[in-house]
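**Student:** One structure is given below, represented as structure tokens, and several questions about it will come after.
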Amino acid sequence: MQVDFMPLKEKFTIADVRIPLKRKKTLDPAKVEDIAYDILENGQTTPIRLRTEKGGGYILVEGYHRLEALRAIGENEVKGYLVHAQLH
């Protein structure tokens, strides 16, 4: 029997999150700006997803524009879910 647990929302330090190089090429500054304004009005409503990195820190799995929007408005923390990467 397999039991799946719902991940818990946590706060992570933005400086501890590494963005994969491939992902960095997908950044849309206009989208970051729109999300930043939304976060200023409503707060961060959707958590990002991270996985642990060997040697410490975290690797971004999903939520690059939200992360950069928070960074742009001067936030130091991001709400997120810690997920386990599946090996293929």
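FYI, nothing fancy with the structure tokens labels: chains A, B, ... in order, residues from 1 per chain, ligands from 1 as they appear.
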Could you list, as a list in words, every residue within 9 Å of segment 76-86 of chain A, counting only C-alpha atoms and ignoring same-chain residues fewer than 6 positions away?
**Tutor:** Pro7, Leu8, Lys9, Glu10, Lys11, Phe12, Thr13, Ile14, Ala15, Gln44, Thr45, Thr46, Pro47, Ile48, Arg49, Leu50, Arg51, Thr52, Tyr58, Val61, Gly63, Arg66, Leu67 and Leu70 of chain A
**Student:** Report as an NGL selection string: the residues of chain A with a DSSP assignment of alpha helix (DSSP H), based on the backbone of this structure.
**Tutor:** :A and (21-24 or 29-42 or 64-72)
**Student:** Excluding same-chain residues fewer than 3 positions from Glu68 of chain A, what lies within 9 Å of it counting only C-alpha atoms, as a list in words?
**Tutor:** Leu27, Val32, Ala36, Gly63, Tyr64, His65, Arg71, Ala72 and Ile73 of chain A
**Student:** List every residue of segment 1-37 of chain A that DSSP, applied to the backbone of this structure, places in strand (DSSP E), and write the result as a ChimeraX atom specification.
**Tutor:** /A:9-13,17-18
**Student:** Could the residues in this selection be saved with N, CA and C atoms as a JSON list (two decimals), in the first residue's frame?
**Tutor:**
[["chain", "number", "residue", "atom", "x", "y", "z"],
["A", 9, "LYS", "N", 3.38, 23.50, 3.01],
["A", 9, "LYS", "CA", 3.87, 24.79, 2.56],
["A", 9, "LYS", "C", 4.86, 25.32, 3.58],
["A", 10, "GLU", "N", 6.03, 25.73, 3.11],
["A", 10, "GLU", "CA", 7.08, 26.25, 3.99],
["A", 10, "GLU", "C", 7.60, 27.57, 3.43],
["A", 11, "LYS", "N", 8.38, 28.26, 4.24],
["A", 11, "LYS", "CA", 9.07, 29.46, 3.77],
["A", 11, "LYS", "C", 10.53, 29.11, 3.53],
["A", 12, "PHE", "N", 11.06, 29.59, 2.40],
["A", 12, "PHE", "CA", 12.45, 29.35, 2.02],
["A", 12, "PHE", "C", 13.13, 30.68, 1.77],
["A", 13, "THR", "N", 14.41, 30.75, 2.07],
["A", 13, "THR", "CA", 15.19, 31.95, 1.78],
["A", 13, "THR", "C", 15.50, 31.97, 0.29],
["A", 17, "VAL", "N", 17.92, 29.43, -3.17],
["A", 17, "VAL", "CA", 17.30, 28.75, -4.30],
["A", 17, "VAL", "C", 18.14, 28.95, -5.55],
["A", 18, "ARG", "N", 18.52, 27.82, -6.17],
["A", 18, "ARG", "CA", 19.28, 27.88, -7.41],
["A", 18, "ARG", "C", 18.34, 27.62, -8.58]]
